[in-house]
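Everything on this sheet refers to the single structure shown next.
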Amino acid sequence: MFVFRLDTHSGVPPYLQLVQQVRQAVLLGFLQPGDRLPLIREVVEHLAINPNTVAKAYRQMEQENLVTGRPGQGTFVNEQQSAAMPASTYTSLRRGLATWLRRAYAAGLDEQAVTALFTSVHQQTRNEDVA
């Protein structure tokens with residue numbers, strides 16, 4: 001079953017964190033079409049947050065057509081326009097990124113520096129692809 005997490009130090013509103021986690025899980029293939037999200041009550045109990053916050057996240061996901069709520073049954077992941085990446089591709093990319101992160105930390109970079117470097121290279125690469 002899918003489990004939500006909250007980062008109280010991120011500055012991102014809790015409902016958006018929930019939405020982003022589902023977006024990412026769908027994109028990476030962790031959540032498949034037809035998978036049921038935890039019930040609002042279950043998320044509230046697990047994260048100790050206001051039920052309205054979870055309901056807002058679920059409404060947002062429905063508006064984005066990520067999920068569909070079925071009264072009395074739960075909230076289910078929809079079929080997406082773009083297919084999730086194959087598991088083998090994800091695994092390979094994840095290993096490469098983990099290796100890069102270990103090298104960056106071993107070189108003395110802290111989390112802020114790693115994030116800055118990644119963001120810089122990411123933006124540069126996207127700009128090169130557009131040009």
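Simple scheme: letters A, B, ... for chains in structure tokens order, numbers from 1 for residues in each chain, numbers from 1 for ligands in the order shown.
Using only C-alpha atoms, the residues found no farther than 9 Å from A:Thr53, other than those of its own chain fewer than 5 positions away, are A:Pro14, A:Tyr15, A:Val44, A:Tyr58.
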Produce a file of the selected residues containing N, CA, C and O atoms, as an mmCIF file, in the first residue's frame.
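Once written, result-v7.cif looks like this:
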data_model
loop_
_atom_site.group_PDB
_atom_site.id
_atom_site.type_symbol
_atom_site.label_atom_id
_atom_site.label_comp_id
_atom_site.auth_asym_id
_atom_site.auth_seq_id
_atom_site.Cartn_x
_atom_site.Cartn_y
_atom_site.Cartn_z
ATOM 1 N N PRO A 14 1.267 20.975 3.084
ATOM 2 C CA PRO A 14 1.072 19.524 3.184
ATOM 3 C C PRO A 14 0.215 18.934 2.068
ATOM 4 O O PRO A 14 0.539 17.871 1.530
ATOM 5 N N TYR A 15 -0.863 19.622 1.666
ATOM 6 C CA TYR A 15 -1.710 19.042 0.621
ATOM 7 C C TYR A 15 -0.944 18.916 -0.691
ATOM 8 O O TYR A 15 -1.100 17.942 -1.425
ATOM 9 N N VAL A 44 -4.961 10.527 7.589
ATOM 10 C CA VAL A 44 -5.083 11.391 8.770
ATOM 11 C C VAL A 44 -4.469 10.702 9.986
ATOM 12 O O VAL A 44 -3.693 11.312 10.734
ATOM 13 N N TYR A 58 -6.761 15.226 -2.321
ATOM 14 C CA TYR A 58 -7.465 14.265 -3.159
ATOM 15 C C TYR A 58 -8.313 14.983 -4.213
ATOM 16 O O TYR A 58 -8.387 14.542 -5.357
#
I need the residues in chain A that are helix (DSSP H, G or I) according to DSSP; give them as a short mmCIF file (atom, residue, chain, number, x, y, z; two decimals) with C-alpha atoms, in the first residue's frame.
data_model
loop_
_atom_site.label_atom_id
_atom_site.label_comp_id
_atom_site.auth_asym_id
_atom_site.auth_seq_id
_atom_site.Cartn_x
_atom_site.Cartn_y
_atom_site.Cartn_z
CA PRO A 14 1.07 19.52 3.18
CA TYR A 15 -1.71 19.04 0.62
CA LEU A 16 0.73 19.81 -2.21
CA GLN A 17 3.26 17.38 -0.79
CA LEU A 18 0.62 14.64 -0.99
CA VAL A 19 -0.25 15.58 -4.59
CA GLN A 20 3.43 15.68 -5.60
CA GLN A 21 4.08 12.28 -4.06
CA VAL A 22 1.26 10.70 -6.07
CA ARG A 23 2.41 12.45 -9.27
CA GLN A 24 5.93 11.12 -8.77
CA ALA A 25 4.78 7.61 -7.82
CA VAL A 26 2.66 7.42 -10.98
CA LEU A 27 5.45 8.78 -13.16
CA ILE A 40 -8.53 9.86 3.91
CA ARG A 41 -9.05 8.51 7.42
CA GLU A 42 -5.95 6.29 7.09
CA VAL A 43 -3.79 9.21 5.92
CA VAL A 44 -5.08 11.39 8.77
CA GLU A 45 -4.24 8.69 11.33
CA HIS A 46 -0.80 8.00 9.83
CA LEU A 47 0.32 11.61 9.40
CA PRO A 51 -8.80 15.60 7.29
CA ASN A 52 -9.60 18.73 5.25
CA THR A 53 -5.95 18.88 4.16
CA VAL A 54 -6.07 15.32 2.83
CA ALA A 55 -9.45 15.91 1.21
CA LYS A 56 -8.04 19.02 -0.51
CA ALA A 57 -5.13 16.97 -1.88
CA TYR A 58 -7.47 14.27 -3.16
CA ARG A 59 -9.72 16.88 -4.81
CA GLN A 60 -6.65 18.44 -6.47
CA MET A 61 -5.58 15.02 -7.78
CA GLU A 62 -9.10 14.42 -9.14
CA GLN A 63 -9.05 17.82 -10.89
CA ALA A 87 11.26 -0.50 -14.25
CA SER A 88 14.65 -1.40 -15.73
CA THR A 89 15.21 2.18 -16.91
CA TYR A 90 14.21 3.55 -13.52
CA THR A 91 16.52 1.11 -11.73
CA SER A 92 19.47 1.97 -13.95
CA LEU A 93 18.96 5.73 -13.63
CA ARG A 94 18.46 5.43 -9.87
CA ARG A 95 21.72 3.50 -9.47
CA GLY A 96 23.61 6.09 -11.52
CA LEU A 97 22.15 8.95 -9.52
CA ALA A 98 22.92 7.19 -6.22
CA THR A 99 26.54 6.72 -7.34
CA TRP A 100 26.77 10.38 -8.31
CA LEU A 101 25.33 11.45 -4.94
CA ARG A 102 27.81 9.28 -3.00
CA ARG A 103 30.67 10.83 -5.01
CA ALA A 104 29.37 14.35 -4.39
CA TYR A 105 29.06 13.81 -0.63
CA ALA A 106 32.48 12.09 -0.51
CA GLU A 111 22.95 18.84 0.77
CA GLN A 112 22.53 22.47 -0.26
CA ALA A 113 25.53 22.33 -2.59
CA VAL A 114 24.37 19.03 -4.10
CA THR A 115 20.92 20.49 -4.75
CA ALA A 116 22.40 23.65 -6.26
CA LEU A 117 24.72 21.66 -8.54
CA PHE A 118 21.98 19.29 -9.65
CA THR A 119 19.55 22.16 -10.33
CA SER A 120 22.18 24.08 -12.29
CA VAL A 121 23.09 21.11 -14.48
CA HIS A 122 19.43 20.18 -14.90
CA GLN A 123 18.52 23.67 -16.12
CA GLN A 124 21.54 23.85 -18.40
CA THR A 125 20.73 20.47 -19.93
CA ARG A 126 17.08 21.41 -20.48
CA ASN A 127 18.15 24.66 -22.15
CA GLU A 128 20.54 22.77 -24.45
CA ASP A 129 17.76 20.34 -25.41
CA VAL A 130 15.41 23.22 -26.26
#
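Counting from atom CA of A:Arg36, the distance to atom CA of A:Asn50 is 20.6 Å.
Here the residues within chain A that DSSP labels strand (DSSP E or B) on the basis of the backbone are Arg36, Val67, Thr68, Gly69, Arg70, Gly74, Thr75, Phe76 and Val77 of chain A.
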Write out the residues from the selection above, keeping all heavy atoms, as a PDB file, in the first residue's frame.
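The file below, part04.pdb, is the result:
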ATOM      1  N   ARG A  36      -5.418   1.602  -5.387  1.00  0.00           N
ATOM      2  CA  ARG A  36      -6.203   2.425  -4.465  1.00  0.00           C
ATOM      3  C   ARG A  36      -5.267   3.196  -3.550  1.00  0.00           C
ATOM      4  O   ARG A  36      -4.336   2.644  -2.983  1.00  0.00           O
ATOM      5  CB  ARG A  36      -7.141   1.561  -3.614  1.00  0.00           C
ATOM      6  CG  ARG A  36      -8.050   2.402  -2.709  1.00  0.00           C
ATOM      7  CD  ARG A  36      -9.011   1.566  -1.883  1.00  0.00           C
ATOM      8  NE  ARG A  36      -8.382   0.770  -0.855  1.00  0.00           N
ATOM      9  CZ  ARG A  36      -8.025   1.242   0.349  1.00  0.00           C
ATOM     10  NH1 ARG A  36      -8.211   2.495   0.667  1.00  0.00           N
ATOM     11  NH2 ARG A  36      -7.480   0.430   1.229  1.00  0.00           N
ATOM     12  N   VAL A  67      -6.458  10.749 -10.319  1.00  0.00           N
ATOM     13  CA  VAL A  67      -7.220   9.737  -9.595  1.00  0.00           C
ATOM     14  C   VAL A  67      -8.716   9.957  -9.803  1.00  0.00           C
ATOM     15  O   VAL A  67      -9.137  11.020 -10.259  1.00  0.00           O
ATOM     16  CB  VAL A  67      -6.915   9.770  -8.074  1.00  0.00           C
ATOM     17  CG1 VAL A  67      -5.441   9.502  -7.788  1.00  0.00           C
ATOM     18  CG2 VAL A  67      -7.333  11.097  -7.459  1.00  0.00           C
ATOM     19  N   THR A  68      -9.478   8.937  -9.433  1.00  0.00           N
ATOM     20  CA  THR A  68     -10.932   9.031  -9.440  1.00  0.00           C
ATOM     21  C   THR A  68     -11.440   8.481  -8.114  1.00  0.00           C
ATOM     22  O   THR A  68     -11.025   7.391  -7.702  1.00  0.00           O
ATOM     23  CB  THR A  68     -11.541   8.199 -10.588  1.00  0.00           C
ATOM     24  OG1 THR A  68     -11.074   8.731 -11.826  1.00  0.00           O
ATOM     25  CG2 THR A  68     -13.060   8.246 -10.558  1.00  0.00           C
ATOM     26  N   GLY A  69     -12.320   9.255  -7.474  1.00  0.00           N
ATOM     27  CA  GLY A  69     -12.941   8.797  -6.244  1.00  0.00           C
ATOM     28  C   GLY A  69     -14.189   7.992  -6.568  1.00  0.00           C
ATOM     29  O   GLY A  69     -14.978   8.383  -7.427  1.00  0.00           O
ATOM     30  N   ARG A  70     -14.325   6.852  -5.914  1.00  0.00           N
ATOM     31  CA  ARG A  70     -15.517   6.011  -6.074  1.00  0.00           C
ATOM     32  C   ARG A  70     -16.190   5.913  -4.713  1.00  0.00           C
ATOM     33  O   ARG A  70     -15.634   5.306  -3.797  1.00  0.00           O
ATOM     34  CB  ARG A  70     -15.139   4.619  -6.564  1.00  0.00           C
ATOM     35  CG  ARG A  70     -14.479   4.625  -7.923  1.00  0.00           C
ATOM     36  CD  ARG A  70     -14.182   3.207  -8.383  1.00  0.00           C
ATOM     37  NE  ARG A  70     -13.217   3.239  -9.465  1.00  0.00           N
ATOM     38  CZ  ARG A  70     -12.350   2.270  -9.714  1.00  0.00           C
ATOM     39  NH1 ARG A  70     -12.332   1.181  -8.968  1.00  0.00           N
ATOM     40  NH2 ARG A  70     -11.505   2.375 -10.712  1.00  0.00           N
ATOM     41  N   GLY A  74     -13.247   4.062  -2.392  1.00  0.00           N
ATOM     42  CA  GLY A  74     -11.947   4.693  -2.221  1.00  0.00           C
ATOM     43  C   GLY A  74     -11.572   5.553  -3.412  1.00  0.00           C
ATOM     44  O   GLY A  74     -12.404   5.873  -4.262  1.00  0.00           O
ATOM     45  N   THR A  75     -10.306   5.893  -3.480  1.00  0.00           N
ATOM     46  CA  THR A  75      -9.765   6.733  -4.540  1.00  0.00           C
ATOM     47  C   THR A  75      -8.732   5.917  -5.301  1.00  0.00           C
ATOM     48  O   THR A  75      -7.818   5.347  -4.701  1.00  0.00           O
ATOM     49  CB  THR A  75      -9.130   8.001  -3.945  1.00  0.00           C
ATOM     50  OG1 THR A  75     -10.129   8.689  -3.182  1.00  0.00           O
ATOM     51  CG2 THR A  75      -8.599   8.925  -5.027  1.00  0.00           C
ATOM     52  N   PHE A  76      -8.878   5.879  -6.632  1.00  0.00           N
ATOM     53  CA  PHE A  76      -8.071   4.994  -7.462  1.00  0.00           C
ATOM     54  C   PHE A  76      -7.296   5.760  -8.520  1.00  0.00           C
ATOM     55  O   PHE A  76      -7.779   6.747  -9.075  1.00  0.00           O
ATOM     56  CB  PHE A  76      -8.977   3.954  -8.135  1.00  0.00           C
ATOM     57  CG  PHE A  76      -9.662   3.061  -7.141  1.00  0.00           C
ATOM     58  CD1 PHE A  76     -10.845   3.454  -6.534  1.00  0.00           C
ATOM     59  CD2 PHE A  76      -9.105   1.844  -6.798  1.00  0.00           C
ATOM     60  CE1 PHE A  76     -11.480   2.638  -5.603  1.00  0.00           C
ATOM     61  CE2 PHE A  76      -9.727   1.020  -5.868  1.00  0.00           C
ATOM     62  CZ  PHE A  76     -10.914   1.425  -5.268  1.00  0.00           C
ATOM     63  N   VAL A  77      -6.091   5.266  -8.816  1.00  0.00           N
ATOM     64  CA  VAL A  77      -5.214   5.876  -9.818  1.00  0.00           C
ATOM     65  C   VAL A  77      -5.805   5.648 -11.204  1.00  0.00           C
ATOM     66  O   VAL A  77      -6.217   4.527 -11.535  1.00  0.00           O
ATOM     67  CB  VAL A  77      -3.794   5.282  -9.733  1.00  0.00           C
ATOM     68  CG1 VAL A  77      -2.900   5.843 -10.844  1.00  0.00           C
ATOM     69  CG2 VAL A  77      -3.186   5.548  -8.358  1.00  0.00           C
TER      70      VAL A  77
END
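For the pair atom CA of A:Leu39 and atom CA of A:Asn65, the separation is 17.8 Å.
With only C-alpha atoms as the basis for measurement, A:Leu66 is the residue among A:Pro86, A:Leu66, A:Ile49, A:Asp7 that approaches A:Gly34 most closely.
For the pair atom CA of A:Ala48 and atom CA of A:Gly29, the interatomic distance is 27.1 Å.
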